[in-house]
Amino acid sequence: MAPSKASSVRVTSRHVTKTRPLLIGLTVALVVSITIAVAIGPVYISPITVWKIILSHALSIDSGQWSHGQDNIVWLIRLPRVLLAALVGAGLAVVGVSMQATVRNPLADPYILGTSSGASVGAVLVIVLGFNFIDPYSLSASAFLGAVSSFVLVFLLAQSSGRISPTRLILAGVALAYILSAITSFILFMGDERNFREVLFWMLGTLAGAKWEFLSLPAIALTLGVGGLLIHARSMNALLMGDETATALGVDPQKFRRQLLVLAALLTGVMVAVSGAIGFVGLMMPHIVRLFVGSDHRRVLPTSMLLGAVFLIWVDVGARTVVQPEELPVSV
């Protein structure tokens, strides 16, 4: 039996009531997570000192004494890494939301378009074959170009009589991912085995080596991507109901699906380029969020963004502290 209209209104009202405190709580959790994550490491630095150092650089406020070593650890090493983890986690979670709406498949994630496999090919070409064309950004640029190129191929393969079929999109993405993974393995097999560990580390995701200059592009991409998705949140809701319903509600499903795919591919390409392939976040964060706020994308998108950021910050803390002084790939 279909639920009554009154019942639906009550469910929606309950989710709206729960969303506001949840967003506030996640925002506070994000600030606390950034503070503690910067403080934790082989050299512990108190949270108060962490914020004094941050304020001294950001606002030129000299609010205490700390060593030059502490200043370098906080400002040059840990803070850029923690902020990059937040940006990547937020970006992948948001892309996961958009991909699950685009293909109407709960198993969809940011890498369903073969972008991670394409990025891996680009990264391997730089690491193994030494294609350093715009050093020191060769690795990120090559990975981004590989990710976007793989999306273009999947996009073309998914076309059927000028229309994009979600089923063809998934199959094309999976097929191309296998092909690109084979190419990556072939390059590794033919290359120097001394590069294998570095390649494996990148393919499993790493935030090591994060620098301030690496943050601007992911931050801009995330801001524009989330803003664009929030503007079209109602259209994403309509797309979940099927193409016929979306058309009846005034949404062109084919045109809108293309827009979502392009946005998702570019955002994923940027995130993969700076962090490698980090799984789980884009697949599971949207589902976890829907348990608490429902399926309305006006609530799912901002909540997923915050939860993804907090989650990946703590995953990265574990990756760099569990087996000190060694570091684990983030996906492990």
# chains A, B, ... in the order shown; residues from 1 in each chain; ligands from 1
$ residues_around --residues "range 263-279 of chain A" --least-positions-apart "4" --cutoff "8 Å" --atoms "only C-alpha atoms" --output "PyMOL selection string"
chain A and resi 88+91-92+95+98-99+110-111+113+115-116+119-120+139-145+147-148+151+202-207+214+217-218+221-222+225+259+283+330-331
$ write_last_selection --atoms "C-alpha atoms" --output "mmCIF file, in the first residue's frame"
data_model
loop_
_atom_site.group_PDB
_atom_site.id
_atom_site.type_symbol
_atom_site.label_atom_id
_atom_site.label_comp_id
_atom_site.auth_asym_id
_atom_site.auth_seq_id
_atom_site.Cartn_x
_atom_site.Cartn_y
_atom_site.Cartn_z
ATOM 1 C CA VAL A 88 39.167 15.293 -1.368
ATOM 2 C CA GLY A 91 34.607 16.132 -3.300
ATOM 3 C CA LEU A 92 34.409 12.356 -3.628
ATOM 4 C CA VAL A 95 30.461 13.119 -6.749
ATOM 5 C CA SER A 98 25.602 12.892 -8.225
ATOM 6 C CA MET A 99 26.643 9.612 -9.868
ATOM 7 C CA PRO A 110 32.997 8.479 -8.590
ATOM 8 C CA TYR A 111 35.118 5.902 -10.428
ATOM 9 C CA LEU A 113 33.352 6.372 -15.432
ATOM 10 C CA THR A 115 38.404 8.025 -14.299
ATOM 11 C CA SER A 116 40.600 6.387 -11.659
ATOM 12 C CA ALA A 119 44.369 8.707 -13.968
ATOM 13 C CA SER A 120 46.480 5.676 -13.039
ATOM 14 C CA LEU A 139 52.089 13.833 -11.921
ATOM 15 C CA SER A 140 48.882 15.718 -11.098
ATOM 16 C CA ALA A 141 48.490 17.122 -14.621
ATOM 17 C CA SER A 142 49.061 13.742 -16.273
ATOM 18 C CA ALA A 143 46.633 12.030 -13.903
ATOM 19 C CA PHE A 144 43.983 14.678 -14.587
ATOM 20 C CA LEU A 145 44.407 14.359 -18.362
ATOM 21 C CA ALA A 147 40.981 10.830 -15.987
ATOM 22 C CA VAL A 148 39.278 13.262 -18.367
ATOM 23 C CA PHE A 151 35.587 9.928 -19.284
ATOM 24 C CA TRP A 202 49.649 6.343 -5.579
ATOM 25 C CA MET A 203 47.087 3.889 -6.960
ATOM 26 C CA LEU A 204 45.876 3.119 -3.425
ATOM 27 C CA GLY A 205 45.639 6.796 -2.541
ATOM 28 C CA THR A 206 48.054 9.060 -0.710
ATOM 29 C CA LEU A 207 47.954 12.579 0.646
ATOM 30 C CA PHE A 214 48.056 22.009 -4.428
ATOM 31 C CA LEU A 217 42.416 23.904 -7.639
ATOM 32 C CA PRO A 218 40.570 21.282 -5.511
ATOM 33 C CA ALA A 221 36.526 22.747 -8.129
ATOM 34 C CA LEU A 222 34.679 21.715 -4.952
ATOM 35 C CA GLY A 225 30.818 21.687 -8.172
ATOM 36 C CA GLN A 259 25.690 18.029 -17.492
ATOM 37 C CA LEU A 283 30.232 4.947 -2.565
ATOM 38 C CA VAL A 330 44.839 5.814 2.446
ATOM 39 C CA SER A 331 42.666 3.130 0.823
#
$ select_by_dssp --residues "range 119-177 of chain A" --states "alpha helix (DSSP H)" --output "number ranges by chain"
A: 119-129, 138-157, 166-177
$ residues_around --residues "Val97 in chain A" --least-positions-apart "4" --cutoff "9 Å" --atoms "only C-alpha atoms" --output "list in words"
Leu92, Ala93, Ala101, Thr102, Ala108, Asp109, Pro110, Gly282, Leu283, Met285, Pro286, His287, His297, Val300, Leu301 and Ser304 of chain A
$ closest_residue --among "A:Trp75, A:Ile53, A:Gln159, A:Gly41" --to "Glu327 in chain A" --atoms "only C-alpha atoms"
A:Gly41
$ decode --residues "range 212-328 of chain A" --atoms "C-alpha atoms" --output "PDB file, in the first residue's frame"
ATOM      1  CA  TRP A 212      49.619  24.847  -0.152  1.00  0.00           C
ATOM      2  CA  GLU A 213      49.881  25.333  -3.910  1.00  0.00           C
ATOM      3  CA  PHE A 214      48.056  22.009  -4.428  1.00  0.00           C
ATOM      4  CA  LEU A 215      44.960  23.177  -2.529  1.00  0.00           C
ATOM      5  CA  SER A 216      43.657  25.998  -4.698  1.00  0.00           C
ATOM      6  CA  LEU A 217      42.416  23.904  -7.639  1.00  0.00           C
ATOM      7  CA  PRO A 218      40.570  21.282  -5.511  1.00  0.00           C
ATOM      8  CA  ALA A 219      39.039  24.072  -3.412  1.00  0.00           C
ATOM      9  CA  ILE A 220      37.792  25.950  -6.490  1.00  0.00           C
ATOM     10  CA  ALA A 221      36.526  22.747  -8.129  1.00  0.00           C
ATOM     11  CA  LEU A 222      34.679  21.715  -4.952  1.00  0.00           C
ATOM     12  CA  THR A 223      33.077  25.133  -4.493  1.00  0.00           C
ATOM     13  CA  LEU A 224      31.870  25.347  -8.090  1.00  0.00           C
ATOM     14  CA  GLY A 225      30.818  21.687  -8.172  1.00  0.00           C
ATOM     15  CA  VAL A 226      28.795  21.760  -4.966  1.00  0.00           C
ATOM     16  CA  GLY A 227      27.269  25.112  -5.912  1.00  0.00           C
ATOM     17  CA  GLY A 228      26.197  23.788  -9.307  1.00  0.00           C
ATOM     18  CA  LEU A 229      24.731  20.620  -7.843  1.00  0.00           C
ATOM     19  CA  LEU A 230      22.802  22.473  -5.130  1.00  0.00           C
ATOM     20  CA  ILE A 231      21.272  24.769  -7.737  1.00  0.00           C
ATOM     21  CA  HIS A 232      20.002  21.688  -9.586  1.00  0.00           C
ATOM     22  CA  ALA A 233      19.117  19.635  -6.501  1.00  0.00           C
ATOM     23  CA  ARG A 234      15.411  19.552  -7.402  1.00  0.00           C
ATOM     24  CA  SER A 235      16.251  18.288 -10.895  1.00  0.00           C
ATOM     25  CA  MET A 236      18.382  15.537  -9.330  1.00  0.00           C
ATOM     26  CA  ASN A 237      15.395  14.565  -7.186  1.00  0.00           C
ATOM     27  CA  ALA A 238      13.284  14.332 -10.339  1.00  0.00           C
ATOM     28  CA  LEU A 239      15.911  12.236 -12.115  1.00  0.00           C
ATOM     29  CA  LEU A 240      15.742   9.625  -9.354  1.00  0.00           C
ATOM     30  CA  MET A 241      12.060   9.072 -10.176  1.00  0.00           C
ATOM     31  CA  GLY A 242      12.798   8.006 -13.757  1.00  0.00           C
ATOM     32  CA  ASP A 243      13.085   9.774 -17.093  1.00  0.00           C
ATOM     33  CA  GLU A 244       9.336   9.925 -17.737  1.00  0.00           C
ATOM     34  CA  THR A 245       8.603  11.524 -14.374  1.00  0.00           C
ATOM     35  CA  ALA A 246      11.522  13.926 -14.772  1.00  0.00           C
ATOM     36  CA  THR A 247      10.223  14.998 -18.187  1.00  0.00           C
ATOM     37  CA  ALA A 248       6.759  15.562 -16.736  1.00  0.00           C
ATOM     38  CA  LEU A 249       8.334  17.788 -14.071  1.00  0.00           C
ATOM     39  CA  GLY A 250      10.051  19.930 -16.723  1.00  0.00           C
ATOM     40  CA  VAL A 251      13.519  18.337 -16.654  1.00  0.00           C
ATOM     41  CA  ASP A 252      15.243  17.194 -19.864  1.00  0.00           C
ATOM     42  CA  PRO A 253      16.791  13.956 -18.514  1.00  0.00           C
ATOM     43  CA  GLN A 254      19.286  13.477 -21.357  1.00  0.00           C
ATOM     44  CA  LYS A 255      20.605  17.029 -21.297  1.00  0.00           C
ATOM     45  CA  PHE A 256      20.710  17.132 -17.509  1.00  0.00           C
ATOM     46  CA  ARG A 257      22.421  13.736 -17.308  1.00  0.00           C
ATOM     47  CA  ARG A 258      25.158  14.964 -19.658  1.00  0.00           C
ATOM     48  CA  GLN A 259      25.690  18.029 -17.492  1.00  0.00           C
ATOM     49  CA  LEU A 260      25.966  15.900 -14.348  1.00  0.00           C
ATOM     50  CA  LEU A 261      28.416  13.527 -16.015  1.00  0.00           C
ATOM     51  CA  VAL A 262      30.694  16.337 -17.180  1.00  0.00           C
ATOM     52  CA  LEU A 263      30.627  17.959 -13.738  1.00  0.00           C
ATOM     53  CA  ALA A 264      31.281  14.640 -11.981  1.00  0.00           C
ATOM     54  CA  ALA A 265      34.135  13.736 -14.332  1.00  0.00           C
ATOM     55  CA  LEU A 266      35.909  17.070 -13.919  1.00  0.00           C
ATOM     56  CA  LEU A 267      35.510  17.087 -10.145  1.00  0.00           C
ATOM     57  CA  THR A 268      36.679  13.475  -9.865  1.00  0.00           C
ATOM     58  CA  GLY A 269      39.610  14.172 -12.168  1.00  0.00           C
ATOM     59  CA  VAL A 270      40.773  17.045  -9.979  1.00  0.00           C
ATOM     60  CA  MET A 271      40.484  15.015  -6.764  1.00  0.00           C
ATOM     61  CA  VAL A 272      42.175  11.913  -8.181  1.00  0.00           C
ATOM     62  CA  ALA A 273      44.982  14.033  -9.614  1.00  0.00           C
ATOM     63  CA  VAL A 274      46.001  15.297  -6.154  1.00  0.00           C
ATOM     64  CA  SER A 275      45.307  12.198  -4.051  1.00  0.00           C
ATOM     65  CA  GLY A 276      45.321   9.057  -6.181  1.00  0.00           C
ATOM     66  CA  ALA A 277      42.411   6.631  -6.225  1.00  0.00           C
ATOM     67  CA  ILE A 278      40.684   6.609  -2.828  1.00  0.00           C
ATOM     68  CA  GLY A 279      37.712   4.272  -2.720  1.00  0.00           C
ATOM     69  CA  PHE A 280      34.765   3.784  -0.337  1.00  0.00           C
ATOM     70  CA  VAL A 281      34.145   7.489   0.361  1.00  0.00           C
ATOM     71  CA  GLY A 282      32.131   8.231  -2.762  1.00  0.00           C
ATOM     72  CA  LEU A 283      30.232   4.947  -2.565  1.00  0.00           C
ATOM     73  CA  MET A 284      29.210   4.791   1.084  1.00  0.00           C
ATOM     74  CA  MET A 285      29.006   8.376   2.407  1.00  0.00           C
ATOM     75  CA  PRO A 286      25.808   9.171   0.426  1.00  0.00           C
ATOM     76  CA  HIS A 287      24.099   6.008   1.684  1.00  0.00           C
ATOM     77  CA  ILE A 288      25.060   6.709   5.298  1.00  0.00           C
ATOM     78  CA  VAL A 289      23.774  10.270   4.983  1.00  0.00           C
ATOM     79  CA  ARG A 290      20.438   9.164   3.489  1.00  0.00           C
ATOM     80  CA  LEU A 291      19.766   7.083   6.598  1.00  0.00           C
ATOM     81  CA  PHE A 292      19.595  10.326   8.584  1.00  0.00           C
ATOM     82  CA  VAL A 293      18.336  13.029   6.217  1.00  0.00           C
ATOM     83  CA  GLY A 294      16.317  11.180   3.587  1.00  0.00           C
ATOM     84  CA  SER A 295      16.832  11.311  -0.162  1.00  0.00           C
ATOM     85  CA  ASP A 296      16.254  15.012  -0.906  1.00  0.00           C
ATOM     86  CA  HIS A 297      19.478  16.218  -2.533  1.00  0.00           C
ATOM     87  CA  ARG A 298      19.095  19.659  -0.954  1.00  0.00           C
ATOM     88  CA  ARG A 299      19.959  17.922   2.310  1.00  0.00           C
ATOM     89  CA  VAL A 300      22.036  14.999   1.053  1.00  0.00           C
ATOM     90  CA  LEU A 301      24.628  17.114  -0.804  1.00  0.00           C
ATOM     91  CA  PRO A 302      25.812  19.423   2.029  1.00  0.00           C
ATOM     92  CA  THR A 303      25.624  16.645   4.622  1.00  0.00           C
ATOM     93  CA  SER A 304      27.610  14.240   2.440  1.00  0.00           C
ATOM     94  CA  MET A 305      30.202  16.931   1.792  1.00  0.00           C
ATOM     95  CA  LEU A 306      30.816  17.508   5.509  1.00  0.00           C
ATOM     96  CA  LEU A 307      30.732  13.822   6.450  1.00  0.00           C
ATOM     97  CA  GLY A 308      33.119  12.923   3.629  1.00  0.00           C
ATOM     98  CA  ALA A 309      35.562  15.610   4.765  1.00  0.00           C
ATOM     99  CA  VAL A 310      35.526  14.488   8.409  1.00  0.00           C
ATOM    100  CA  PHE A 311      35.761  10.818   7.457  1.00  0.00           C
ATOM    101  CA  LEU A 312      38.793  11.158   5.174  1.00  0.00           C
ATOM    102  CA  ILE A 313      40.640  13.364   7.660  1.00  0.00           C
ATOM    103  CA  TRP A 314      40.498  10.578  10.232  1.00  0.00           C
ATOM    104  CA  VAL A 315      41.286   7.881   7.675  1.00  0.00           C
ATOM    105  CA  ASP A 316      44.434   9.806   6.778  1.00  0.00           C
ATOM    106  CA  VAL A 317      45.338  10.223  10.456  1.00  0.00           C
ATOM    107  CA  GLY A 318      45.158   6.456  10.793  1.00  0.00           C
ATOM    108  CA  ALA A 319      47.179   5.933   7.602  1.00  0.00           C
ATOM    109  CA  ARG A 320      50.089   8.016   8.908  1.00  0.00           C
ATOM    110  CA  THR A 321      50.032   6.949  12.567  1.00  0.00           C
ATOM    111  CA  VAL A 322      49.003   3.266  12.798  1.00  0.00           C
ATOM    112  CA  VAL A 323      52.385   1.859  11.751  1.00  0.00           C
ATOM    113  CA  GLN A 324      54.727   4.745  12.582  1.00  0.00           C
ATOM    114  CA  PRO A 325      57.241   5.652  11.262  1.00  0.00           C
ATOM    115  CA  GLU A 326      55.920   3.951   8.100  1.00  0.00           C
ATOM    116  CA  GLU A 327      52.845   5.251   6.289  1.00  0.00           C
ATOM    117  CA  LEU A 328      49.971   3.262   4.809  1.00  0.00           C
TER     118      LEU A 328
END
